[in-house]
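Undergrad: My structure is stored as data_27.pdb, with PDB, N, CA and C atoms.
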```
MODEL        1
ATOM      1  N   MET N   1       0.849  -1.185   0.000
ATOM      2  CA  MET N   1       0.000   0.000   0.000
ATOM      3  C   MET N   1       0.888   1.240   0.000
ATOM      4  N   ARG N   2       0.575   2.155  -0.845
ATOM      5  CA  ARG N   2       1.347   3.385  -0.967
ATOM      6  C   ARG N   2       0.596   4.523  -0.287
ATOM      7  N   LEU N   3       1.288   5.241   0.624
ATOM      8  CA  LEU N   3       0.673   6.375   1.296
ATOM      9  C   LEU N   3       0.743   7.605   0.393
ATOM     10  N   LEU N   4      -0.337   8.310   0.312
ATOM     11  CA  LEU N   4      -0.393   9.498  -0.519
ATOM     12  C   LEU N   4      -0.282  10.749   0.342
ATOM     13  N   HIS N   5       0.333  11.761  -0.222
ATOM     14  CA  HIS N   5       0.446  13.029   0.478
ATOM     15  C   HIS N   5      -0.907  13.724   0.453
ATOM     16  N   MET N   6      -1.331  14.262   1.608
ATOM     17  CA  MET N   6      -2.673  14.842   1.710
ATOM     18  C   MET N   6      -2.716  16.324   1.351
ATOM     19  N   GLY N   7      -1.576  16.911   1.020
ATOM     20  CA  GLY N   7      -1.551  18.328   0.670
ATOM     21  C   GLY N   7      -1.002  19.157   1.817
ATOM     22  N   THR N   8      -1.054  20.468   1.651
ATOM     23  CA  THR N   8      -0.510  21.357   2.670
ATOM     24  C   THR N   8      -1.439  21.391   3.888
ATOM     25  N   LEU N   9      -0.856  21.748   5.006
ATOM     26  CA  LEU N   9      -1.632  21.835   6.237
ATOM     27  C   LEU N   9      -2.406  23.139   6.292
ATOM     28  N   HIS N  10      -3.552  23.104   6.904
ATOM     29  CA  HIS N  10      -4.353  24.284   7.180
ATOM     30  C   HIS N  10      -3.580  25.125   8.199
ATOM     31  N   PRO N  11      -3.727  26.454   8.205
ATOM     32  CA  PRO N  11      -3.002  27.288   9.174
ATOM     33  C   PRO N  11      -3.210  26.861  10.630
ATOM     34  N   ALA N  12      -4.402  26.426  10.974
ATOM     35  CA  ALA N  12      -4.634  25.962  12.349
ATOM     36  C   ALA N  12      -3.842  24.689  12.627
ATOM     37  N   GLU N  13      -3.746  23.823  11.621
ATOM     38  CA  GLU N  13      -2.955  22.602  11.785
ATOM     39  C   GLU N  13      -1.468  22.915  11.882
ATOM     40  N   GLN N  14      -1.017  23.909  11.145
ATOM     41  CA  GLN N  14       0.378  24.327  11.227
ATOM     42  C   GLN N  14       0.683  24.871  12.625
ATOM     43  N   ALA N  15      -0.217  25.672  13.163
ATOM     44  CA  ALA N  15      -0.015  26.223  14.507
ATOM     45  C   ALA N  15       0.011  25.109  15.548
ATOM     46  N   ALA N  16      -0.884  24.140  15.409
ATOM     47  CA  ALA N  16      -0.911  23.030  16.350
ATOM     48  C   ALA N  16       0.366  22.197  16.252
ATOM     49  N   THR N  17       0.856  21.984  15.050
ATOM     50  CA  THR N  17       2.084  21.224  14.850
ATOM     51  C   THR N  17       3.275  21.953  15.470
ATOM     52  N   ILE N  18       3.359  23.250  15.267
ATOM     53  CA  ILE N  18       4.461  24.034  15.841
ATOM     54  C   ILE N  18       4.369  24.044  17.359
ATOM     55  N   ALA N  19       3.154  24.174  17.884
ATOM     56  CA  ALA N  19       2.978  24.162  19.343
ATOM     57  C   ALA N  19       3.394  22.814  19.930
ATOM     58  N   LEU N  20       3.033  21.735  19.269
ATOM     59  CA  LEU N  20       3.429  20.408  19.749
ATOM     60  C   LEU N  20       4.932  20.184  19.599
ATOM     61  N   LEU N  21       5.531  20.810  18.610
ATOM     62  CA  LEU N  21       6.955  20.641  18.378
ATOM     63  C   LEU N  21       7.785  21.423  19.390
ATOM     64  N   PHE N  22       7.472  22.689  19.590
ATOM     65  CA  PHE N  22       8.293  23.557  20.433
ATOM     66  C   PHE N  22       7.737  23.771  21.835
ATOM     67  N   GLY N  23       6.461  23.525  22.046
ATOM     68  CA  GLY N  23       5.821  23.776  23.337
ATOM     69  C   GLY N  23       6.498  23.107  24.516
ATOM     70  N   PRO N  24       6.768  21.814  24.454
ATOM     71  CA  PRO N  24       7.404  21.155  25.601
ATOM     72  C   PRO N  24       8.772  21.753  25.950
ATOM     73  N   PHE N  25       9.529  22.152  24.936
ATOM     74  CA  PHE N  25      10.844  22.743  25.198
ATOM     75  C   PHE N  25      10.711  24.129  25.828
ATOM     76  N   LEU N  26       9.711  24.888  25.400
ATOM     77  CA  LEU N  26       9.485  26.200  26.004
ATOM     78  C   LEU N  26       9.060  26.058  27.465
ATOM     79  N   ILE N  27       8.170  25.113  27.730
ATOM     80  CA  ILE N  27       7.722  24.879  29.113
ATOM     81  C   ILE N  27       8.890  24.422  29.967
ATOM     82  N   LEU N  28       9.707  23.522  29.442
ATOM     83  CA  LEU N  28      10.883  23.060  30.176
ATOM     84  C   LEU N  28      11.824  24.217  30.474
ATOM     85  N   GLY N  29      12.042  25.084  29.516
ATOM     86  CA  GLY N  29      12.902  26.249  29.730
ATOM     87  C   GLY N  29      12.376  27.160  30.822
ATOM     88  N   VAL N  30      11.075  27.388  30.842
ATOM     89  CA  VAL N  30      10.467  28.231  31.880
ATOM     90  C   VAL N  30      10.614  27.577  33.249
ATOM     91  N   VAL N  31      10.381  26.272  33.332
ATOM     92  CA  VAL N  31      10.502  25.559  34.612
ATOM     93  C   VAL N  31      11.938  25.610  35.122
ATOM     94  N   VAL N  32      12.901  25.387  34.244
ATOM     95  CA  VAL N  32      14.310  25.443  34.651
ATOM     96  C   VAL N  32      14.666  26.839  35.124
ATOM     97  N   PHE N  33      14.210  27.863  34.419
ATOM     98  CA  PHE N  33      14.488  29.244  34.809
ATOM     99  C   PHE N  33      13.929  29.542  36.197
ATOM    100  N   ILE N  34      12.684  29.150  36.444
ATOM    101  CA  ILE N  34      12.050  29.411  37.739
ATOM    102  C   ILE N  34      12.758  28.656  38.850
ATOM    103  N   ARG N  35      13.090  27.383  38.628
ATOM    104  CA  ARG N  35      13.762  26.580  39.660
ATOM    105  C   ARG N  35      15.149  27.136  39.981
ATOM    106  N   ARG N  36      15.894  27.567  38.966
ATOM    107  CA  ARG N  36      17.221  28.145  39.220
ATOM    108  C   ARG N  36      17.107  29.428  40.018
ATOM    109  N   ARG N  37      16.088  30.221  39.714
ATOM    110  CA  ARG N  37      15.893  31.462  40.454
ATOM    111  C   ARG N  37      15.540  31.164  41.912
ATOM    112  N   GLU N  38      14.685  30.165  42.141
ATOM    113  CA  GLU N  38      14.317  29.781  43.503
ATOM    114  C   GLU N  38      15.526  29.234  44.259
ATOM    115  N   GLU N  39      16.348  28.425  43.588
ATOM    116  CA  GLU N  39      17.527  27.867  44.238
ATOM    117  C   GLU N  39      18.540  28.959  44.571
ATOM    118  N   ALA N  40      18.678  29.939  43.691
ATOM    119  CA  ALA N  40      19.593  31.050  43.958
ATOM    120  C   ALA N  40      19.111  31.851  45.167
ATOM    121  N   THR N  41      17.818  32.069  45.262
ATOM    122  CA  THR N  41      17.262  32.783  46.412
ATOM    123  C   THR N  41      17.472  31.987  47.697
ATOM    124  N   ALA N  42      17.267  30.676  47.626
ATOM    125  CA  ALA N  42      17.467  29.827  48.800
ATOM    126  C   ALA N  42      18.928  29.822  49.222
ATOM    127  N   THR N  43      19.835  29.824  48.262
ATOM    128  CA  THR N  43      21.268  29.854  48.576
ATOM    129  C   THR N  43      21.645  31.167  49.255
ATOM    130  N   LYS N  44      21.115  32.269  48.754
ATOM    131  CA  LYS N  44      21.393  33.568  49.379
ATOM    132  C   LYS N  44      20.859  33.610  50.804
ATOM    133  N   ARG N  45      19.656  33.076  50.993
ATOM    134  CA  ARG N  45      19.087  33.060  52.344
ATOM    135  C   ARG N  45      19.905  32.166  53.269
ATOM    136  N   ALA N  46      20.394  31.041  52.743
ATOM    137  CA  ALA N  46      21.198  30.126  53.556
ATOM    138  C   ALA N  46      22.515  30.789  53.958
ATOM    139  N   ARG N  47      23.059  31.598  53.086
ATOM    140  CA  ARG N  47      24.302  32.305  53.414
ATOM    141  C   ARG N  47      24.059  33.368  54.475
ATOM    142  N   LEU N  48      22.912  34.019  54.434
ATOM    143  CA  LEU N  48      22.594  35.073  55.398
ATOM    144  C   LEU N  48      22.099  34.512  56.727
ATOM    145  N   LYS N  49      21.509  33.341  56.708
ATOM    146  CA  LYS N  49      20.901  32.782  57.905
ATOM    147  C   LYS N  49      21.881  32.608  59.063
ATOM    148  N   PRO N  50      23.094  32.086  58.887
ATOM    149  CA  PRO N  50      23.998  31.959  60.042
ATOM    150  C   PRO N  50      24.293  33.297  60.714
ATOM    151  N   SER N  51      24.451  34.348  59.938
ATOM    152  CA  SER N  51      24.730  35.643  60.545
ATOM    153  C   SER N  51      23.503  36.157  61.299
ATOM    154  N   ILE N  52      22.332  35.888  60.800
ATOM    155  CA  ILE N  52      21.108  36.298  61.490
ATOM    156  C   ILE N  52      20.944  35.488  62.768
ATOM    157  N   ASP N  53      21.198  34.170  62.707
ATOM    158  CA  ASP N  53      21.103  33.331  63.895
ATOM    159  C   ASP N  53      22.133  33.748  64.949
ATOM    160  N   ALA N  54      23.313  34.095  64.521
ATOM    161  CA  ALA N  54      24.350  34.520  65.464
ATOM    162  C   ALA N  54      23.912  35.829  66.144
ATOM    163  N   PHE N  55      23.280  36.703  65.385
ATOM    164  CA  PHE N  55      22.809  37.956  65.957
ATOM    165  C   PHE N  55      21.710  37.680  66.990
ATOM    166  N   ASP N  56      20.812  36.746  66.699
ATOM    167  CA  ASP N  56      19.748  36.396  67.633
ATOM    168  C   ASP N  56      20.325  35.760  68.891
ATOM    169  N   ASP N  57      21.369  34.951  68.765
ATOM    170  CA  ASP N  57      21.978  34.316  69.937
ATOM    171  C   ASP N  57      22.638  35.352  70.856
ATOM    172  N   ASP N  58      23.168  36.416  70.281
ATOM    173  CA  ASP N  58      23.799  37.454  71.088
ATOM    174  C   ASP N  58      22.766  38.195  71.920
ATOM    175  N   LEU N  59      21.531  38.264  71.416
ATOM    176  CA  LEU N  59      20.484  38.983  72.136
ATOM    177  C   LEU N  59      19.811  38.114  73.203
ATOM    178  N   ALA N  60      20.005  36.807  73.134
ATOM    179  CA  ALA N  60      19.349  35.915  74.077
ATOM    180  C   ALA N  60      19.912  36.130  75.481
ATOM    181  N   PRO N  61      19.043  36.057  76.520
ATOM    182  CA  PRO N  61      19.538  36.291  77.900
ATOM    183  C   PRO N  61      20.389  35.165  78.420
TER
ENDMDL
END
```
Mind turning this structure into structure tokens?

TA:
Amino acid sequence: MRLLHMGTLHPAEQAATIALLFGPFLILGVVVFIRRREEATATKRARLKPSIDAFDDDLAP
């Protein structure tokens, strides 16, 4: 059986094909960006936390 070409895609089909092709990579990029930003914030807080804890210990009676 020989498969025949069905012709060009409708513009809506082209948009759906492009979305399915690039969409997962765009979502992955956004997730990685957000997670890296959250990890950077957590790292900064972790670096500041010992100095804050030391300051609180100095005030303790």

Undergrad: Between atom CA of His10 of chain N and atom CA of Phe22 of chain N, what is the spacing in Å?

TA: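 Between atom CA of Phe22 of chain N and atom CA of His10 of chain N the gap is 18.3 Å.
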
Undergrad: Rounded to one decimal, what separation in Å do you get between atom N of Ala46 of chain N and atom CA of Gly29 of chain N?

TA: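 If I compute the distance from atom N of Ala46 of chain N to atom CA of Gly29 of chain N, I get 24.7 Å.
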
Undergrad: Can you work out the spacing between atom CA of Thr41 of chain N and atom CA of Gly23 of chain N in Å, to one decimal?

TA: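 About the pair atom CA of Thr41 of chain N and atom CA of Gly23 of chain N: they are 27.3 Å apart.
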
Undergrad: Axis-aligned box over every listed atom of segment 42-45 of chain N, padded by 8 Å per side: centre and edges in Å to one decimal, as lines of an AutoDock Vina configuration file?

TA:
```
center_x = 19.5
center_y = 31.7
center_z = 50.4
size_x = 20.4
size_y = 19.8
size_z = 21.6
```

Undergrad: Export segment 5-51 of chain N from the structure block above, keeping N, CA and C atoms, as an mmCIF file, in the first residue's frame.

TA:
```
data_model
loop_
_atom_site.group_PDB
_atom_site.id
_atom_site.type_symbol
_atom_site.label_atom_id
_atom_site.label_comp_id
_atom_site.auth_asym_id
_atom_site.auth_seq_id
_atom_site.Cartn_x
_atom_site.Cartn_y
_atom_site.Cartn_z
ATOM 1 N N HIS N 5 0.333 11.761 -0.222
ATOM 2 C CA HIS N 5 0.446 13.029 0.478
ATOM 3 C C HIS N 5 -0.907 13.724 0.453
ATOM 4 N N MET N 6 -1.331 14.262 1.608
ATOM 5 C CA MET N 6 -2.673 14.842 1.710
ATOM 6 C C MET N 6 -2.716 16.324 1.351
ATOM 7 N N GLY N 7 -1.576 16.911 1.020
ATOM 8 C CA GLY N 7 -1.551 18.328 0.670
ATOM 9 C C GLY N 7 -1.002 19.157 1.817
ATOM 10 N N THR N 8 -1.054 20.468 1.651
ATOM 11 C CA THR N 8 -0.510 21.357 2.670
ATOM 12 C C THR N 8 -1.439 21.391 3.888
ATOM 13 N N LEU N 9 -0.856 21.748 5.006
ATOM 14 C CA LEU N 9 -1.632 21.835 6.237
ATOM 15 C C LEU N 9 -2.406 23.139 6.292
ATOM 16 N N HIS N 10 -3.552 23.104 6.904
ATOM 17 C CA HIS N 10 -4.353 24.284 7.180
ATOM 18 C C HIS N 10 -3.580 25.125 8.199
ATOM 19 N N PRO N 11 -3.727 26.454 8.205
ATOM 20 C CA PRO N 11 -3.002 27.288 9.174
ATOM 21 C C PRO N 11 -3.210 26.861 10.630
ATOM 22 N N ALA N 12 -4.402 26.426 10.974
ATOM 23 C CA ALA N 12 -4.634 25.962 12.349
ATOM 24 C C ALA N 12 -3.842 24.689 12.627
ATOM 25 N N GLU N 13 -3.746 23.823 11.621
ATOM 26 C CA GLU N 13 -2.955 22.602 11.785
ATOM 27 C C GLU N 13 -1.468 22.915 11.882
ATOM 28 N N GLN N 14 -1.017 23.909 11.145
ATOM 29 C CA GLN N 14 0.378 24.327 11.227
ATOM 30 C C GLN N 14 0.683 24.871 12.625
ATOM 31 N N ALA N 15 -0.217 25.672 13.163
ATOM 32 C CA ALA N 15 -0.015 26.223 14.507
ATOM 33 C C ALA N 15 0.011 25.109 15.548
ATOM 34 N N ALA N 16 -0.884 24.140 15.409
ATOM 35 C CA ALA N 16 -0.911 23.030 16.350
ATOM 36 C C ALA N 16 0.366 22.197 16.252
ATOM 37 N N THR N 17 0.856 21.984 15.050
ATOM 38 C CA THR N 17 2.084 21.224 14.850
ATOM 39 C C THR N 17 3.275 21.953 15.470
ATOM 40 N N ILE N 18 3.359 23.250 15.267
ATOM 41 C CA ILE N 18 4.461 24.034 15.841
ATOM 42 C C ILE N 18 4.369 24.044 17.359
ATOM 43 N N ALA N 19 3.154 24.174 17.884
ATOM 44 C CA ALA N 19 2.978 24.162 19.343
ATOM 45 C C ALA N 19 3.394 22.814 19.930
ATOM 46 N N LEU N 20 3.033 21.735 19.269
ATOM 47 C CA LEU N 20 3.429 20.408 19.749
ATOM 48 C C LEU N 20 4.932 20.184 19.599
ATOM 49 N N LEU N 21 5.531 20.810 18.610
ATOM 50 C CA LEU N 21 6.955 20.641 18.378
ATOM 51 C C LEU N 21 7.785 21.423 19.390
ATOM 52 N N PHE N 22 7.472 22.689 19.590
ATOM 53 C CA PHE N 22 8.293 23.557 20.433
ATOM 54 C C PHE N 22 7.737 23.771 21.835
ATOM 55 N N GLY N 23 6.461 23.525 22.046
ATOM 56 C CA GLY N 23 5.821 23.776 23.337
ATOM 57 C C GLY N 23 6.498 23.107 24.516
ATOM 58 N N PRO N 24 6.768 21.814 24.454
ATOM 59 C CA PRO N 24 7.404 21.155 25.601
ATOM 60 C C PRO N 24 8.772 21.753 25.950
ATOM 61 N N PHE N 25 9.529 22.152 24.936
ATOM 62 C CA PHE N 25 10.844 22.743 25.198
ATOM 63 C C PHE N 25 10.711 24.129 25.828
ATOM 64 N N LEU N 26 9.711 24.888 25.400
ATOM 65 C CA LEU N 26 9.485 26.200 26.004
ATOM 66 C C LEU N 26 9.060 26.058 27.465
ATOM 67 N N ILE N 27 8.170 25.113 27.730
ATOM 68 C CA ILE N 27 7.722 24.879 29.113
ATOM 69 C C ILE N 27 8.890 24.422 29.967
ATOM 70 N N LEU N 28 9.707 23.522 29.442
ATOM 71 C CA LEU N 28 10.883 23.060 30.176
ATOM 72 C C LEU N 28 11.824 24.217 30.474
ATOM 73 N N GLY N 29 12.042 25.084 29.516
ATOM 74 C CA GLY N 29 12.902 26.249 29.730
ATOM 75 C C GLY N 29 12.376 27.160 30.822
ATOM 76 N N VAL N 30 11.075 27.388 30.842
ATOM 77 C CA VAL N 30 10.467 28.231 31.880
ATOM 78 C C VAL N 30 10.614 27.577 33.249
ATOM 79 N N VAL N 31 10.381 26.272 33.332
ATOM 80 C CA VAL N 31 10.502 25.559 34.612
ATOM 81 C C VAL N 31 11.938 25.610 35.122
ATOM 82 N N VAL N 32 12.901 25.387 34.244
ATOM 83 C CA VAL N 32 14.310 25.443 34.651
ATOM 84 C C VAL N 32 14.666 26.839 35.124
ATOM 85 N N PHE N 33 14.210 27.863 34.419
ATOM 86 C CA PHE N 33 14.488 29.244 34.809
ATOM 87 C C PHE N 33 13.929 29.542 36.197
ATOM 88 N N ILE N 34 12.684 29.150 36.444
ATOM 89 C CA ILE N 34 12.050 29.411 37.739
ATOM 90 C C ILE N 34 12.758 28.656 38.850
ATOM 91 N N ARG N 35 13.090 27.383 38.628
ATOM 92 C CA ARG N 35 13.762 26.580 39.660
ATOM 93 C C ARG N 35 15.149 27.136 39.981
ATOM 94 N N ARG N 36 15.894 27.567 38.966
ATOM 95 C CA ARG N 36 17.221 28.145 39.220
ATOM 96 C C ARG N 36 17.107 29.428 40.018
ATOM 97 N N ARG N 37 16.088 30.221 39.714
ATOM 98 C CA ARG N 37 15.893 31.462 40.454
ATOM 99 C C ARG N 37 15.540 31.164 41.912
ATOM 100 N N GLU N 38 14.685 30.165 42.141
ATOM 101 C CA GLU N 38 14.317 29.781 43.503
ATOM 102 C C GLU N 38 15.526 29.234 44.259
ATOM 103 N N GLU N 39 16.348 28.425 43.588
ATOM 104 C CA GLU N 39 17.527 27.867 44.238
ATOM 105 C C GLU N 39 18.540 28.959 44.571
ATOM 106 N N ALA N 40 18.678 29.939 43.691
ATOM 107 C CA ALA N 40 19.593 31.050 43.958
ATOM 108 C C ALA N 40 19.111 31.851 45.167
ATOM 109 N N THR N 41 17.818 32.069 45.262
ATOM 110 C CA THR N 41 17.262 32.783 46.412
ATOM 111 C C THR N 41 17.472 31.987 47.697
ATOM 112 N N ALA N 42 17.267 30.676 47.626
ATOM 113 C CA ALA N 42 17.467 29.827 48.800
ATOM 114 C C ALA N 42 18.928 29.822 49.222
ATOM 115 N N THR N 43 19.835 29.824 48.262
ATOM 116 C CA THR N 43 21.268 29.854 48.576
ATOM 117 C C THR N 43 21.645 31.167 49.255
ATOM 118 N N LYS N 44 21.115 32.269 48.754
ATOM 119 C CA LYS N 44 21.393 33.568 49.379
ATOM 120 C C LYS N 44 20.859 33.610 50.804
ATOM 121 N N ARG N 45 19.656 33.076 50.993
ATOM 122 C CA ARG N 45 19.087 33.060 52.344
ATOM 123 C C ARG N 45 19.905 32.166 53.269
ATOM 124 N N ALA N 46 20.394 31.041 52.743
ATOM 125 C CA ALA N 46 21.198 30.126 53.556
ATOM 126 C C ALA N 46 22.515 30.789 53.958
ATOM 127 N N ARG N 47 23.059 31.598 53.086
ATOM 128 C CA ARG N 47 24.302 32.305 53.414
ATOM 129 C C ARG N 47 24.059 33.368 54.475
ATOM 130 N N LEU N 48 22.912 34.019 54.434
ATOM 131 C CA LEU N 48 22.594 35.073 55.398
ATOM 132 C C LEU N 48 22.099 34.512 56.727
ATOM 133 N N LYS N 49 21.509 33.341 56.708
ATOM 134 C CA LYS N 49 20.901 32.782 57.905
ATOM 135 C C LYS N 49 21.881 32.608 59.063
ATOM 136 N N PRO N 50 23.094 32.086 58.887
ATOM 137 C CA PRO N 50 23.998 31.959 60.042
ATOM 138 C C PRO N 50 24.293 33.297 60.714
ATOM 139 N N SER N 51 24.451 34.348 59.938
ATOM 140 C CA SER N 51 24.730 35.643 60.545
ATOM 141 C C SER N 51 23.503 36.157 61.299
#
```
